[in-house]
Amino acid sequence: MIHHISLLSYGDNLISLTLLSRLRDRSGIAIVGSAHTAQIAGFFPGLDIPVSVEFDSVPAFYDVRMRGVMAAVREAITFRRRMARWVRAGDSLILEHDDARSRALLRFPGVTLFEPKRVANVYEDRRSMLQTVFNQQIALEPARVLSAPPRRVTINPASRVRQKSMPSRILSVLVSSLKARDIEIQLIDPEQEHRALASRVDGHHVGTTLDEAVALIRRSDLYIGADSLLMHFAYYCGTPAIVLFNETNLYFAPPGVAEQGSYLEHVARATDDEFRASFDALLERPGLNPPTLHLFN
């Protein structure tokens with residue numbers, strides 16, 4: 001039996017399930033995850049891999065700062081005991097990250113651990129690992145490129161990690177640039193931090209479910225967002241995306257984002273004029289010019 005351990009954030013779950021769904025033969029594998037994992041699995045009809053839900057959210061041993069040391073220890077001990085009852089000598093466990101905590105929790109006699117080695121990109125590194133485990137080739141397409149000026153754009157300025165969120169002033173510049181082109185704007189505002197922009201966009205979405213957010217992305221010509229789960233959903237849905245980074249984290253970006261120049265980095269340190277110039281240049285080159293990178297030092 002092969003157990004894929006999917007206990008980290010939504011984005012990690014989506015990346016892993018995207019790859020697992022592309023295996024030709026998925027027999028003999030089970031996914032051990034959280035309620036997040038089961039929710040994400042619902043977007044992959046025909047996945048046919050059972051998901052064992054062990055946690056309501058990301059377990060405390062991966063979220064010590066928010067949940068505290070005691071909760072982390074309790075959940076680690078409980079998880080270790082459960083896995084000890086399941087796994088048998090000859091089984092394999094696939095980890096989402098090269099992570100010391102996972103190795104310590106899941107090291108059992110006669111059980112083989114597989115973990116991705118950080119070489120190229122999170123998608124490519126996990127694909128390499130899965131191809132080794134299952135002896136199957138997994139197709140991995142580059143992120144779709146914006147080929148024409150967009151008519152409808154969905155924006156999500158938020159991220160689970162607050163430091164990655166889009167600054168309000170940058171969002172305001174973004175909306176102004178899009179409105180000047182008469183482009184329809186759908187703004188996802190989960191924390192209701194940008195209500196002042198409600199009258200300037202065509203749709204202001206608060207309390208949006210994950211299904212509703214993904215539906216907005218599917219119906220859009222372009223998705224613009226911070227480094228977050230929805231960036232990976234745009235890749236999964238085949239919607240061109242522009243990713244805005246406060247601190248560059250291209251290792252976790254979908255394939256092709258760096259090569260295509262489909263990102264703007266250090267937006268928090270850019271002046272309004274610098275950001276507007278770089279964003280306008282990026283919008284004006286769809287399908288026409290060679291990819292270029294717009295970097296703020």
# chains A, B, ... in the order shown; residues from 1 in each chain; ligands from 1
$ select_by_dssp --residues "range 111-272 of chain A" --states "strand (DSSP E or B)" --output "list in words"
Thr112, Leu113, Phe114, Arg152, Val153, Thr154, Ile155, Asn156, Glu184, Ile185, Gln186, Leu187, Ile188, Gly203, His204, His205, Leu222, Tyr223, Ile224, Gly225, Ala226, Ala241, Ile242, Val243, Leu244, Phe245, Tyr263, Leu264 and Glu265 of chain A
$ closest_atom_pairs --of "range 104-217 of chain A" --to "range 53-71 of chain A" --cutoff "12 Å" --atoms "only C-alpha atoms" --output "JSON lines"
{"residue": "A:Ala104", "atom": "CA", "partner": "A:Phe61", "partner_atom": "CA", "distance": 11.6}
{"residue": "A:Leu105", "atom": "CA", "partner": "A:Phe61", "partner_atom": "CA", "distance": 10.1}
{"residue": "A:Arg160", "atom": "CA", "partner": "A:Val58", "partner_atom": "CA", "distance": 11.9}
{"residue": "A:Val161", "atom": "CA", "partner": "A:Met66", "partner_atom": "CA", "distance": 11.5}
$ residues_around --residues "Arg81 in chain A" --least-positions-apart "4" --cutoff "12 Å" --atoms "only C-alpha atoms" --output "PyMOL selection string"
chain A and resi 54+74-77+85-87+105-108
$ select_by_dssp --residues "range 195-233 of chain A" --states "alpha helix (DSSP H)" --output "PDB file with all heavy atoms, in the first residue's frame"
ATOM      1  N   LEU A 210     -15.098  28.545  -1.679  1.00  0.00           N
ATOM      2  CA  LEU A 210     -14.044  28.130  -2.599  1.00  0.00           C
ATOM      3  C   LEU A 210     -14.639  27.778  -3.950  1.00  0.00           C
ATOM      4  O   LEU A 210     -14.080  28.142  -4.991  1.00  0.00           O
ATOM      5  CB  LEU A 210     -13.282  26.935  -2.018  1.00  0.00           C
ATOM      6  CG  LEU A 210     -12.111  26.422  -2.852  1.00  0.00           C
ATOM      7  CD1 LEU A 210     -11.077  27.524  -3.096  1.00  0.00           C
ATOM      8  CD2 LEU A 210     -11.460  25.218  -2.164  1.00  0.00           C
ATOM      9  N   ASP A 211     -15.771  27.099  -3.967  1.00  0.00           N
ATOM     10  CA  ASP A 211     -16.413  26.750  -5.241  1.00  0.00           C
ATOM     11  C   ASP A 211     -16.773  27.998  -6.041  1.00  0.00           C
ATOM     12  O   ASP A 211     -16.593  28.037  -7.271  1.00  0.00           O
ATOM     13  CB  ASP A 211     -17.677  25.923  -4.982  1.00  0.00           C
ATOM     14  CG  ASP A 211     -17.354  24.568  -4.380  1.00  0.00           C
ATOM     15  OD1 ASP A 211     -17.108  24.491  -3.156  1.00  0.00           O
ATOM     16  OD2 ASP A 211     -17.348  23.588  -5.130  1.00  0.00           O
ATOM     17  N   GLU A 212     -17.294  29.027  -5.346  1.00  0.00           N
ATOM     18  CA  GLU A 212     -17.673  30.267  -6.032  1.00  0.00           C
ATOM     19  C   GLU A 212     -16.445  30.995  -6.575  1.00  0.00           C
ATOM     20  O   GLU A 212     -16.477  31.539  -7.689  1.00  0.00           O
ATOM     21  CB  GLU A 212     -18.457  31.164  -5.076  1.00  0.00           C
ATOM     22  CG  GLU A 212     -19.834  30.613  -4.718  1.00  0.00           C
ATOM     23  CD  GLU A 212     -20.479  31.337  -3.558  1.00  0.00           C
ATOM     24  OE1 GLU A 212     -19.753  32.031  -2.790  1.00  0.00           O
ATOM     25  OE2 GLU A 212     -21.713  31.210  -3.395  1.00  0.00           O
ATOM     26  N   ALA A 213     -15.361  30.998  -5.790  1.00  0.00           N
ATOM     27  CA  ALA A 213     -14.131  31.665  -6.233  1.00  0.00           C
ATOM     28  C   ALA A 213     -13.561  30.971  -7.473  1.00  0.00           C
ATOM     29  O   ALA A 213     -13.141  31.625  -8.432  1.00  0.00           O
ATOM     30  CB  ALA A 213     -13.102  31.673  -5.108  1.00  0.00           C
ATOM     31  N   VAL A 214     -13.560  29.651  -7.461  1.00  0.00           N
ATOM     32  CA  VAL A 214     -13.039  28.904  -8.605  1.00  0.00           C
ATOM     33  C   VAL A 214     -13.913  29.138  -9.841  1.00  0.00           C
ATOM     34  O   VAL A 214     -13.410  29.270 -10.962  1.00  0.00           O
ATOM     35  CB  VAL A 214     -12.937  27.408  -8.279  1.00  0.00           C
ATOM     36  CG1 VAL A 214     -12.557  26.595  -9.515  1.00  0.00           C
ATOM     37  CG2 VAL A 214     -11.912  27.182  -7.172  1.00  0.00           C
ATOM     38  N   ALA A 215     -15.237  29.222  -9.631  1.00  0.00           N
ATOM     39  CA  ALA A 215     -16.139  29.500 -10.758  1.00  0.00           C
ATOM     40  C   ALA A 215     -15.840  30.862 -11.374  1.00  0.00           C
ATOM     41  O   ALA A 215     -15.874  31.025 -12.606  1.00  0.00           O
ATOM     42  CB  ALA A 215     -17.593  29.425 -10.300  1.00  0.00           C
ATOM     43  N   LEU A 216     -15.528  31.863 -10.547  1.00  0.00           N
ATOM     44  CA  LEU A 216     -15.158  33.184 -11.068  1.00  0.00           C
ATOM     45  C   LEU A 216     -13.892  33.100 -11.909  1.00  0.00           C
ATOM     46  O   LEU A 216     -13.787  33.723 -12.970  1.00  0.00           O
ATOM     47  CB  LEU A 216     -14.947  34.164  -9.905  1.00  0.00           C
ATOM     48  CG  LEU A 216     -16.198  34.701  -9.203  1.00  0.00           C
ATOM     49  CD1 LEU A 216     -15.812  35.441  -7.936  1.00  0.00           C
ATOM     50  CD2 LEU A 216     -16.971  35.622 -10.137  1.00  0.00           C
ATOM     51  N   ILE A 217     -12.921  32.332 -11.443  1.00  0.00           N
ATOM     52  CA  ILE A 217     -11.663  32.184 -12.181  1.00  0.00           C
ATOM     53  C   ILE A 217     -11.906  31.509 -13.524  1.00  0.00           C
ATOM     54  O   ILE A 217     -11.368  31.921 -14.561  1.00  0.00           O
ATOM     55  CB  ILE A 217     -10.648  31.385 -11.338  1.00  0.00           C
ATOM     56  CG1 ILE A 217     -10.217  32.208 -10.120  1.00  0.00           C
ATOM     57  CG2 ILE A 217      -9.428  30.998 -12.173  1.00  0.00           C
ATOM     58  CD1 ILE A 217      -9.369  31.443  -9.130  1.00  0.00           C
ATOM     59  N   ARG A 218     -12.737  30.480 -13.524  1.00  0.00           N
ATOM     60  CA  ARG A 218     -13.035  29.757 -14.773  1.00  0.00           C
ATOM     61  C   ARG A 218     -13.679  30.680 -15.805  1.00  0.00           C
ATOM     62  O   ARG A 218     -13.443  30.539 -17.011  1.00  0.00           O
ATOM     63  CB  ARG A 218     -13.974  28.581 -14.488  1.00  0.00           C
ATOM     64  CG  ARG A 218     -13.350  27.403 -13.767  1.00  0.00           C
ATOM     65  CD  ARG A 218     -14.337  26.246 -13.730  1.00  0.00           C
ATOM     66  NE  ARG A 218     -13.909  25.177 -12.863  1.00  0.00           N
ATOM     67  CZ  ARG A 218     -13.079  24.201 -13.220  1.00  0.00           C
ATOM     68  NH1 ARG A 218     -12.586  24.187 -14.450  1.00  0.00           N
ATOM     69  NH2 ARG A 218     -12.746  23.245 -12.372  1.00  0.00           N
ATOM     70  N   LEU A 229      -3.607  30.042  -2.783  1.00  0.00           N
ATOM     71  CA  LEU A 229      -4.246  28.868  -3.365  1.00  0.00           C
ATOM     72  C   LEU A 229      -4.866  29.160  -4.722  1.00  0.00           C
ATOM     73  O   LEU A 229      -4.760  28.349  -5.656  1.00  0.00           O
ATOM     74  CB  LEU A 229      -5.331  28.363  -2.402  1.00  0.00           C
ATOM     75  CG  LEU A 229      -6.302  27.318  -2.954  1.00  0.00           C
ATOM     76  CD1 LEU A 229      -5.598  25.995  -3.205  1.00  0.00           C
ATOM     77  CD2 LEU A 229      -7.483  27.128  -2.018  1.00  0.00           C
ATOM     78  N   LEU A 230      -5.523  30.304  -4.868  1.00  0.00           N
ATOM     79  CA  LEU A 230      -6.241  30.584  -6.108  1.00  0.00           C
ATOM     80  C   LEU A 230      -5.300  30.742  -7.295  1.00  0.00           C
ATOM     81  O   LEU A 230      -5.701  30.530  -8.438  1.00  0.00           O
ATOM     82  CB  LEU A 230      -7.128  31.821  -5.950  1.00  0.00           C
ATOM     83  CG  LEU A 230      -8.291  31.661  -4.962  1.00  0.00           C
ATOM     84  CD1 LEU A 230      -9.206  32.882  -4.996  1.00  0.00           C
ATOM     85  CD2 LEU A 230      -9.103  30.393  -5.243  1.00  0.00           C
ATOM     86  N   MET A 231      -4.048  31.109  -7.044  1.00  0.00           N
ATOM     87  CA  MET A 231      -3.062  31.135  -8.124  1.00  0.00           C
ATOM     88  C   MET A 231      -2.915  29.729  -8.713  1.00  0.00           C
ATOM     89  O   MET A 231      -2.863  29.548  -9.934  1.00  0.00           O
ATOM     90  CB  MET A 231      -1.714  31.627  -7.598  1.00  0.00           C
ATOM     91  CG  MET A 231      -0.565  31.512  -8.597  1.00  0.00           C
ATOM     92  SD  MET A 231       1.027  32.042  -7.900  1.00  0.00           S
ATOM     93  CE  MET A 231       1.361  30.705  -6.762  1.00  0.00           C
ATOM     94  N   HIS A 232      -2.876  28.721  -7.848  1.00  0.00           N
ATOM     95  CA  HIS A 232      -2.742  27.343  -8.319  1.00  0.00           C
ATOM     96  C   HIS A 232      -4.034  26.860  -8.966  1.00  0.00           C
ATOM     97  O   HIS A 232      -3.999  26.055  -9.905  1.00  0.00           O
ATOM     98  CB  HIS A 232      -2.341  26.442  -7.160  1.00  0.00           C
ATOM     99  CG  HIS A 232      -1.009  26.789  -6.568  1.00  0.00           C
ATOM    100  ND1 HIS A 232       0.179  26.504  -7.200  1.00  0.00           N
ATOM    101  CD2 HIS A 232      -0.691  27.448  -5.420  1.00  0.00           C
ATOM    102  CE1 HIS A 232       1.189  26.941  -6.464  1.00  0.00           C
ATOM    103  NE2 HIS A 232       0.687  27.527  -5.386  1.00  0.00           N
ATOM    104  N   PHE A 233      -5.177  27.368  -8.502  1.00  0.00           N
ATOM    105  CA  PHE A 233      -6.438  27.014  -9.146  1.00  0.00           C
ATOM    106  C   PHE A 233      -6.506  27.605 -10.552  1.00  0.00           C
ATOM    107  O   PHE A 233      -7.053  26.988 -11.467  1.00  0.00           O
ATOM    108  CB  PHE A 233      -7.638  27.464  -8.317  1.00  0.00           C
ATOM    109  CG  PHE A 233      -8.270  26.344  -7.544  1.00  0.00           C
ATOM    110  CD1 PHE A 233      -8.274  26.353  -6.168  1.00  0.00           C
ATOM    111  CD2 PHE A 233      -8.863  25.271  -8.200  1.00  0.00           C
ATOM    112  CE1 PHE A 233      -8.838  25.317  -5.453  1.00  0.00           C
ATOM    113  CE2 PHE A 233      -9.440  24.231  -7.495  1.00  0.00           C
ATOM    114  CZ  PHE A 233      -9.425  24.248  -6.123  1.00  0.00           C
TER     115      PHE A 233
END
$ closest_residue --among "A:Arg144, A:Ala120, A:Arg26, A:Leu20" --to "Tyr236 in chain A" --atoms "only C-alpha atoms"
A:Arg144
$ residues_around --residues "range 181-186 of chain A" --least-positions-apart "4" --cutoff "8 Å" --atoms "only C-alpha atoms" --output "PyMOL selection string"
chain A and resi 150-155+175+177+201-205+216
$ atom_distance --atom1 "CA of Ser228 in chain A" --atom2 "CA of Leu23 in chain A"
25.1 Å
$ atom_distance --atom1 "CA of Gln136 in chain A" --atom2 "CA of Ser34 in chain A"
26.5 Å
$ residues_around --residues "Glu115 in chain A" --least-positions-apart "4" --cutoff "9 Å" --atoms "only C-alpha atoms" --output "list in words"
Leu93, Ile94, Leu95, Glu96, His97, Asp98, Asp99, Arg126 and Met129 of chain A
$ closest_residue --among "A:Ala277, A:Thr18, A:Arg118, A:Gln192" --to "Phe43 in chain A" --atoms "only C-alpha atoms"
A:Thr18
$ closest_residue --among "A:Ile2, A:Cys237, A:Ala35, A:Ile188" --to "Ser159 in chain A" --atoms "only C-alpha atoms"
A:Ile188
$ closest_residue --among "A:Val111, A:Ala180, A:Val122, A:Val32" --to "Arg82 in chain A" --atoms "only C-alpha atoms"
A:Val32
$ closest_residue --among "A:Glu141, A:Glu284, A:Asp125, A:Glu193" --to "Ser16 in chain A" --atoms "only C-alpha atoms"
A:Asp125
$ residues_around --residues "Leu264 in chain A" --least-positions-apart "4" --cutoff "12 Å" --atoms "only C-alpha atoms" --output "number ranges by chain"
A: 166, 170, 174, 224-227, 241-250, 257-258, 260, 268-270, 274-283, 292-297
$ closest_residue --among "A:Leu146, A:Val51, A:Thr37, A:Gly46" --to "Ile15 in chain A" --atoms "only C-alpha atoms"
A:Thr37
$ atom_distance --atom1 "CA of Pro50 in chain A" --atom2 "CA of Thr78 in chain A"
20.9 Å
$ residues_around --residues "Arg127 in chain A" --least-positions-apart "4" --cutoff "7 Å" --atoms "only C-alpha atoms" --output "ChimeraX atom specification"
/A:19,123,131,138
$ decode --residues "range 19-53 of chain A" --atoms "N, CA and C atoms" --output "mmCIF file, in the first residue's frame"
data_model
loop_
_atom_site.group_PDB
_atom_site.id
_atom_site.type_symbol
_atom_site.label_atom_id
_atom_site.label_comp_id
_atom_site.auth_asym_id
_atom_site.auth_seq_id
_atom_site.Cartn_x
_atom_site.Cartn_y
_atom_site.Cartn_z
ATOM 1 N N LEU A 19 -1.273 16.439 -9.620
ATOM 2 C CA LEU A 19 -0.330 15.458 -10.151
ATOM 3 C C LEU A 19 -0.873 14.036 -10.027
ATOM 4 N N LEU A 20 -1.451 13.704 -8.873
ATOM 5 C CA LEU A 20 -1.978 12.352 -8.674
ATOM 6 C C LEU A 20 -3.098 12.043 -9.662
ATOM 7 N N SER A 21 -3.903 13.072 -9.994
ATOM 8 C CA SER A 21 -5.022 12.852 -10.912
ATOM 9 C C SER A 21 -4.542 12.495 -12.316
ATOM 10 N N ARG A 22 -3.268 12.775 -12.620
ATOM 11 C CA ARG A 22 -2.728 12.519 -13.955
ATOM 12 C C ARG A 22 -2.029 11.171 -14.069
ATOM 13 N N LEU A 23 -1.997 10.422 -12.985
ATOM 14 C CA LEU A 23 -1.470 9.066 -13.069
ATOM 15 C C LEU A 23 -2.428 8.193 -13.865
ATOM 16 N N ARG A 24 -1.889 7.358 -14.725
ATOM 17 C CA ARG A 24 -2.747 6.425 -15.467
ATOM 18 C C ARG A 24 -3.304 5.342 -14.543
ATOM 19 N N ASP A 25 -2.441 4.802 -13.689
ATOM 20 C CA ASP A 25 -2.833 3.736 -12.779
ATOM 21 C C ASP A 25 -2.723 4.256 -11.349
ATOM 22 N N ARG A 26 -3.864 4.379 -10.671
ATOM 23 C CA ARG A 26 -3.870 4.911 -9.311
ATOM 24 C C ARG A 26 -4.248 3.840 -8.291
ATOM 25 N N SER A 27 -4.094 2.588 -8.665
ATOM 26 C CA SER A 27 -4.443 1.503 -7.754
ATOM 27 C C SER A 27 -3.397 1.385 -6.650
ATOM 28 N N GLY A 28 -3.832 0.918 -5.494
ATOM 29 C CA GLY A 28 -2.910 0.673 -4.389
ATOM 30 C C GLY A 28 -2.427 1.915 -3.690
ATOM 31 N N ILE A 29 -3.149 3.049 -3.835
ATOM 32 C CA ILE A 29 -2.741 4.292 -3.178
ATOM 33 C C ILE A 29 -3.907 4.869 -2.387
ATOM 34 N N ALA A 30 -3.611 5.442 -1.231
ATOM 35 C CA ALA A 30 -4.592 6.157 -0.423
ATOM 36 C C ALA A 30 -3.990 7.499 -0.025
ATOM 37 N N ILE A 31 -4.840 8.491 0.194
ATOM 38 C CA ILE A 31 -4.400 9.827 0.604
ATOM 39 C C ILE A 31 -4.753 10.032 2.066
ATOM 40 N N VAL A 32 -3.792 10.431 2.847
ATOM 41 C CA VAL A 32 -4.008 10.754 4.256
ATOM 42 C C VAL A 32 -3.940 12.267 4.382
ATOM 43 N N GLY A 33 -5.044 12.909 4.757
ATOM 44 C CA GLY A 33 -5.044 14.364 4.759
ATOM 45 C C GLY A 33 -5.981 14.973 5.775
ATOM 46 N N SER A 34 -6.433 16.173 5.455
ATOM 47 C CA SER A 34 -7.319 16.942 6.327
ATOM 48 C C SER A 34 -8.643 17.172 5.611
ATOM 49 N N ALA A 35 -9.536 17.873 6.298
ATOM 50 C CA ALA A 35 -10.793 18.245 5.642
ATOM 51 C C ALA A 35 -10.524 19.116 4.424
ATOM 52 N N HIS A 36 -9.442 19.926 4.474
ATOM 53 C CA HIS A 36 -9.038 20.715 3.298
ATOM 54 C C HIS A 36 -8.766 19.790 2.116
ATOM 55 N N THR A 37 -8.042 18.710 2.383
ATOM 56 C CA THR A 37 -7.676 17.776 1.313
ATOM 57 C C THR A 37 -8.912 17.185 0.657
ATOM 58 N N ALA A 38 -9.872 16.767 1.486
ATOM 59 C CA ALA A 38 -11.103 16.186 0.954
ATOM 60 C C ALA A 38 -11.874 17.202 0.122
ATOM 61 N N GLN A 39 -11.881 18.466 0.570
ATOM 62 C CA GLN A 39 -12.578 19.506 -0.185
ATOM 63 C C GLN A 39 -11.916 19.719 -1.546
ATOM 64 N N ILE A 40 -10.590 19.791 -1.558
ATOM 65 C CA ILE A 40 -9.871 19.981 -2.818
ATOM 66 C C ILE A 40 -10.083 18.780 -3.738
ATOM 67 N N ALA A 41 -10.118 17.582 -3.176
ATOM 68 C CA ALA A 41 -10.304 16.376 -3.991
ATOM 69 C C ALA A 41 -11.620 16.422 -4.746
ATOM 70 N N GLY A 42 -12.607 17.144 -4.210
ATOM 71 C CA GLY A 42 -13.898 17.257 -4.878
ATOM 72 C C GLY A 42 -13.836 17.965 -6.217
ATOM 73 N N PHE A 43 -12.736 18.681 -6.482
ATOM 74 C CA PHE A 43 -12.580 19.369 -7.767
ATOM 75 C C PHE A 43 -11.998 18.444 -8.841
ATOM 76 N N PHE A 44 -11.686 17.208 -8.475
ATOM 77 C CA PHE A 44 -11.071 16.263 -9.398
ATOM 78 C C PHE A 44 -11.999 15.072 -9.609
ATOM 79 N N PRO A 45 -13.027 15.230 -10.433
ATOM 80 C CA PRO A 45 -13.916 14.106 -10.693
ATOM 81 C C PRO A 45 -13.151 12.936 -11.311
ATOM 82 N N GLY A 46 -13.424 11.766 -10.800
ATOM 83 C CA GLY A 46 -12.731 10.598 -11.326
ATOM 84 C C GLY A 46 -11.367 10.371 -10.712
ATOM 85 N N LEU A 47 -11.019 11.081 -9.636
ATOM 86 C CA LEU A 47 -9.722 10.872 -9.001
ATOM 87 C C LEU A 47 -9.593 9.427 -8.501
ATOM 88 N N ASP A 48 -10.649 8.898 -7.902
ATOM 89 C CA ASP A 48 -10.710 7.485 -7.503
ATOM 90 C C ASP A 48 -9.605 7.088 -6.530
ATOM 91 N N ILE A 49 -9.191 8.011 -5.691
ATOM 92 C CA ILE A 49 -8.232 7.690 -4.631
ATOM 93 C C ILE A 49 -8.909 8.034 -3.305
ATOM 94 N N PRO A 50 -9.067 7.067 -2.405
ATOM 95 C CA PRO A 50 -9.733 7.375 -1.131
ATOM 96 C C PRO A 50 -8.928 8.359 -0.293
ATOM 97 N N VAL A 51 -9.632 9.262 0.387
ATOM 98 C CA VAL A 51 -9.003 10.256 1.264
ATOM 99 C C VAL A 51 -9.396 9.956 2.702
ATOM 100 N N SER A 52 -8.424 9.676 3.542
ATOM 101 C CA SER A 52 -8.658 9.491 4.969
ATOM 102 C C SER A 52 -8.453 10.834 5.666
ATOM 103 N N VAL A 53 -9.526 11.410 6.194
ATOM 104 C CA VAL A 53 -9.460 12.733 6.828
ATOM 105 C C VAL A 53 -9.031 12.568 8.285
#
